[in-house]
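Quick notes on the structure that follows.
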Amino acid sequence: MDPIVWLILLVVLIIIEIITMGLSTIWFAGGALVAFVASLLNVNVVIQVVLFLVISILLLVSTRPVAMRYLNRTRVRTNVESLIGKKAVVTERIENIHSHGQVQVNGLEWTARSLNDDIEIEKDEIVCIVRVDGVKLIVEREGEN
């Protein structure tokens with residue numbers, strides 16, 4: 001295969017990556033680069049295509065999770081995500097069995113449930129928000145974790 005085809009593919013994939021910044025085509029650009037070099041060395045077309053596919057998949061599987069973790073480290077949590085780890089005040093006793101409980105956090109009332117179904121949390125206790133489940137906050141007493 002003519003090296004120019006792999007070079008054009010490489011450039012197109014890099015441009016797509018620059019436009020989208022989705023970390024999806026950059027791995028295939030790496031495969032196209034290897035295939036381009038193989039093409040310059042007059043390697044068989046079938047081997048070039050296999051190199052492109054194998055290198056692209058290896059790069060995608062081995063480095064994408066690490067890159068995503070590194071890039072998401074500086075991501076600012078917004079809206080509901082930002083509540084996780086915050087403290088809240090119980091405004092209505094939390095009883096999972098009877099589906100009761102409310103907390104106040106950042107001046108807003110939220111329906112709340114205890115992380116552990118066996119634990120009831122009394123009014124005015126301070127709790128820590130563990131996760132958000134739909135429109136309910138899942139909480140535990142401060143210091144229980």
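Letters for chains follow the order of the structure tokens (A, B, ...), residue numbers begin at 1 for each chain, and ligand numbers begin at 1 in the order shown.
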
Which of stretch 2-140 of chain A end up as helix (DSSP H, G or I) when DSSP is run on this backbone - answer as a PyMOL selection string? chain A and resi 3-20+26-40+45-72+79-83

Report as a list in words all protein, DNA and RNA residues lying within 7 Å of stretch 30-42 of chain A, evaluated on only C-alpha atoms, omitting residues in the same chain fewer than 4 positions from it.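 Contacts, in chain order: Met1, Asp2, Pro3, Trp6, Leu7, Leu9, Leu10, Ile26, Gln48, Val49, Leu51, Phe52, Leu53, Ile55 and Ser56 of chain A.
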
I'd like to know which of A:Glu95, A:Leu58, A:Arg64, A:Ala29 is closest to A:Leu13, using only C-alpha atoms.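 Selected residue with least distance to A:Leu13: A:Ala29.
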
Near A:Arg141, within 10 Å and counting only C-alpha atoms, which residues show up once chain neighbours fewer than 5 positions away are dropped, as a list in words? Lys87, Ala88, Val90, Ser114, Leu115, Ile119, Glu120, Ile121, Glu122, Glu125, Ile126, Val127, Cys128 and Ile129 of chain A

Using Å and a single decimal, report how far atom CA of A:Leu23 sits from atom CA of A:Leu59.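 So the answer is 11.1 Å.
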
Give me every strand (DSSP E or B) residue in stretch 1-140 of chain A, going by DSSP on the backbone, as a PyMOL selection string. chain A and resi 87-95+100-105+108-114+121+126-133+136-140

Keeping only N, CA and C atoms, write the selected residues to a file as an mmCIF file, in the first residue's frame.
```cif
data_model
loop_
_atom_site.group_PDB
_atom_site.id
_atom_site.type_symbol
_atom_site.label_atom_id
_atom_site.label_comp_id
_atom_site.auth_asym_id
_atom_site.auth_seq_id
_atom_site.Cartn_x
_atom_site.Cartn_y
_atom_site.Cartn_z
ATOM 1 N N LYS A 87 -21.012 17.228 54.520
ATOM 2 C CA LYS A 87 -21.769 17.010 55.752
ATOM 3 C C LYS A 87 -23.179 17.548 55.577
ATOM 4 N N ALA A 88 -24.127 16.920 56.262
ATOM 5 C CA ALA A 88 -25.519 17.360 56.232
ATOM 6 C C ALA A 88 -26.108 17.191 57.620
ATOM 7 N N VAL A 89 -27.193 17.921 57.882
ATOM 8 C CA VAL A 89 -27.883 17.836 59.163
ATOM 9 C C VAL A 89 -29.206 17.101 58.941
ATOM 10 N N VAL A 90 -29.469 16.111 59.784
ATOM 11 C CA VAL A 90 -30.711 15.353 59.672
ATOM 12 C C VAL A 90 -31.856 16.229 60.169
ATOM 13 N N THR A 91 -32.859 16.442 59.319
ATOM 14 C CA THR A 91 -34.013 17.260 59.693
ATOM 15 C C THR A 91 -35.244 16.402 59.975
ATOM 16 N N GLU A 92 -35.227 15.166 59.547
ATOM 17 C CA GLU A 92 -36.283 14.200 59.845
ATOM 18 C C GLU A 92 -35.597 12.855 60.038
ATOM 19 N N ARG A 93 -35.919 12.181 61.153
ATOM 20 C CA ARG A 93 -35.298 10.905 61.501
ATOM 21 C C ARG A 93 -35.219 9.979 60.283
ATOM 22 N N ILE A 94 -34.065 9.362 60.092
ATOM 23 C CA ILE A 94 -33.858 8.478 58.954
ATOM 24 C C ILE A 94 -34.117 7.040 59.368
ATOM 25 N N GLU A 95 -35.142 6.438 58.738
ATOM 26 C CA GLU A 95 -35.503 5.041 58.957
ATOM 27 C C GLU A 95 -35.713 4.403 57.581
ATOM 28 N N HIS A 100 -38.432 6.805 55.652
ATOM 29 C CA HIS A 100 -38.464 8.160 56.194
ATOM 30 C C HIS A 100 -37.044 8.697 56.252
ATOM 31 N N GLY A 101 -36.960 9.993 56.187
ATOM 32 C CA GLY A 101 -35.678 10.651 56.417
ATOM 33 C C GLY A 101 -35.432 11.804 55.477
ATOM 34 N N GLN A 102 -34.915 12.881 56.084
ATOM 35 C CA GLN A 102 -34.525 14.046 55.303
ATOM 36 C C GLN A 102 -33.303 14.670 55.937
ATOM 37 N N VAL A 103 -32.507 15.286 55.073
ATOM 38 C CA VAL A 103 -31.349 16.036 55.538
ATOM 39 C C VAL A 103 -31.343 17.387 54.855
ATOM 40 N N GLN A 104 -30.585 18.285 55.447
ATOM 41 C CA GLN A 104 -30.406 19.589 54.831
ATOM 42 C C GLN A 104 -28.926 19.758 54.541
ATOM 43 N N VAL A 105 -28.646 20.124 53.300
ATOM 44 C CA VAL A 105 -27.265 20.375 52.885
ATOM 45 C C VAL A 105 -27.275 21.568 51.933
ATOM 46 N N LEU A 108 -30.579 23.239 51.251
ATOM 47 C CA LEU A 108 -31.647 22.525 50.554
ATOM 48 C C LEU A 108 -32.006 21.241 51.280
ATOM 49 N N GLU A 109 -33.304 20.911 51.264
ATOM 50 C CA GLU A 109 -33.786 19.666 51.879
ATOM 51 C C GLU A 109 -33.695 18.537 50.852
ATOM 52 N N TRP A 110 -33.207 17.398 51.302
ATOM 53 C CA TRP A 110 -33.097 16.213 50.455
ATOM 54 C C TRP A 110 -33.679 15.016 51.195
ATOM 55 N N THR A 111 -34.318 14.123 50.456
ATOM 56 C CA THR A 111 -34.707 12.842 51.016
ATOM 57 C C THR A 111 -33.417 12.068 51.260
ATOM 58 N N ALA A 112 -33.353 11.380 52.398
ATOM 59 C CA ALA A 112 -32.123 10.669 52.734
ATOM 60 C C ALA A 112 -32.421 9.269 53.238
ATOM 61 N N ARG A 113 -31.482 8.387 53.006
ATOM 62 C CA ARG A 113 -31.543 7.021 53.511
ATOM 63 C C ARG A 113 -30.179 6.683 54.088
ATOM 64 N N SER A 114 -30.197 5.820 55.087
ATOM 65 C CA SER A 114 -28.961 5.377 55.720
ATOM 66 C C SER A 114 -28.249 4.378 54.815
ATOM 67 N N ILE A 121 -31.003 7.017 62.104
ATOM 68 C CA ILE A 121 -30.264 8.220 62.469
ATOM 69 C C ILE A 121 -31.257 9.266 62.938
ATOM 70 N N ILE A 126 -25.329 14.915 62.665
ATOM 71 C CA ILE A 126 -24.538 15.274 61.486
ATOM 72 C C ILE A 126 -24.196 13.981 60.748
ATOM 73 N N VAL A 127 -24.432 13.988 59.445
ATOM 74 C CA VAL A 127 -24.134 12.816 58.624
ATOM 75 C C VAL A 127 -23.223 13.215 57.471
ATOM 76 N N CYS A 128 -22.612 12.211 56.879
ATOM 77 C CA CYS A 128 -21.756 12.414 55.716
ATOM 78 C C CYS A 128 -22.442 11.770 54.511
ATOM 79 N N ILE A 129 -22.476 12.470 53.412
ATOM 80 C CA ILE A 129 -23.119 11.955 52.200
ATOM 81 C C ILE A 129 -22.154 11.005 51.497
ATOM 82 N N VAL A 130 -22.597 9.756 51.336
ATOM 83 C CA VAL A 130 -21.761 8.720 50.745
ATOM 84 C C VAL A 130 -21.969 8.631 49.236
ATOM 85 N N ARG A 131 -23.211 8.694 48.806
ATOM 86 C CA ARG A 131 -23.516 8.640 47.373
ATOM 87 C C ARG A 131 -24.916 9.203 47.131
ATOM 88 N N VAL A 132 -25.249 9.357 45.876
ATOM 89 C CA VAL A 132 -26.572 9.829 45.485
ATOM 90 C C VAL A 132 -27.235 8.696 44.713
ATOM 91 N N ASP A 133 -28.445 8.350 45.127
ATOM 92 C CA ASP A 133 -29.203 7.279 44.485
ATOM 93 C C ASP A 133 -30.508 7.879 43.971
ATOM 94 N N LYS A 136 -32.345 10.614 46.115
ATOM 95 C CA LYS A 136 -32.088 10.406 47.547
ATOM 96 C C LYS A 136 -30.595 10.451 47.821
ATOM 97 N N LEU A 137 -30.267 11.021 48.961
ATOM 98 C CA LEU A 137 -28.891 10.991 49.415
ATOM 99 C C LEU A 137 -28.709 9.776 50.318
ATOM 100 N N ILE A 138 -27.667 9.031 50.107
ATOM 101 C CA ILE A 138 -27.328 7.902 50.962
ATOM 102 C C ILE A 138 -26.258 8.418 51.920
ATOM 103 N N VAL A 139 -26.564 8.312 53.228
ATOM 104 C CA VAL A 139 -25.710 8.944 54.238
ATOM 105 C C VAL A 139 -25.296 7.944 55.312
ATOM 106 N N GLU A 140 -24.293 8.338 56.061
ATOM 107 C CA GLU A 140 -23.901 7.602 57.260
ATOM 108 C C GLU A 140 -23.497 8.607 58.324
#
```

Would you work out the distance separating atom CA of A:Met68 from atom CA of A:Val135, expressed in Å to one decimal?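 Pair atom CA of A:Met68 / atom CA of A:Val135 returns 27.7 Å.
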
Which residues, written as a ChimeraX atom specification, have at least one atom at most 12 Å from A:Gly22, with only C-alpha atoms counted and residues fewer than 3 positions away on the same chain left out? /A:13-19,25-27,64,67-68,71-72

Given the choices A:Val80, A:Ile8, A:Val46, A:Ile97, which gets closest to A:Gly134 if the distance is worked out from only C-alpha atoms?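 Ranked by minimum distance to A:Gly134, first place goes to A:Val80.
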
What gap, in Å, lies between atom CA of A:Phe28 and atom CA of A:Ile4? 16.2 Å

Using only C-alpha atoms, can you tell me which of A:Glu81, A:Asp117, A:Val54, A:Lys86 comes closest to A:His98?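 So, comparing all the options, the nearest one is A:Asp117.
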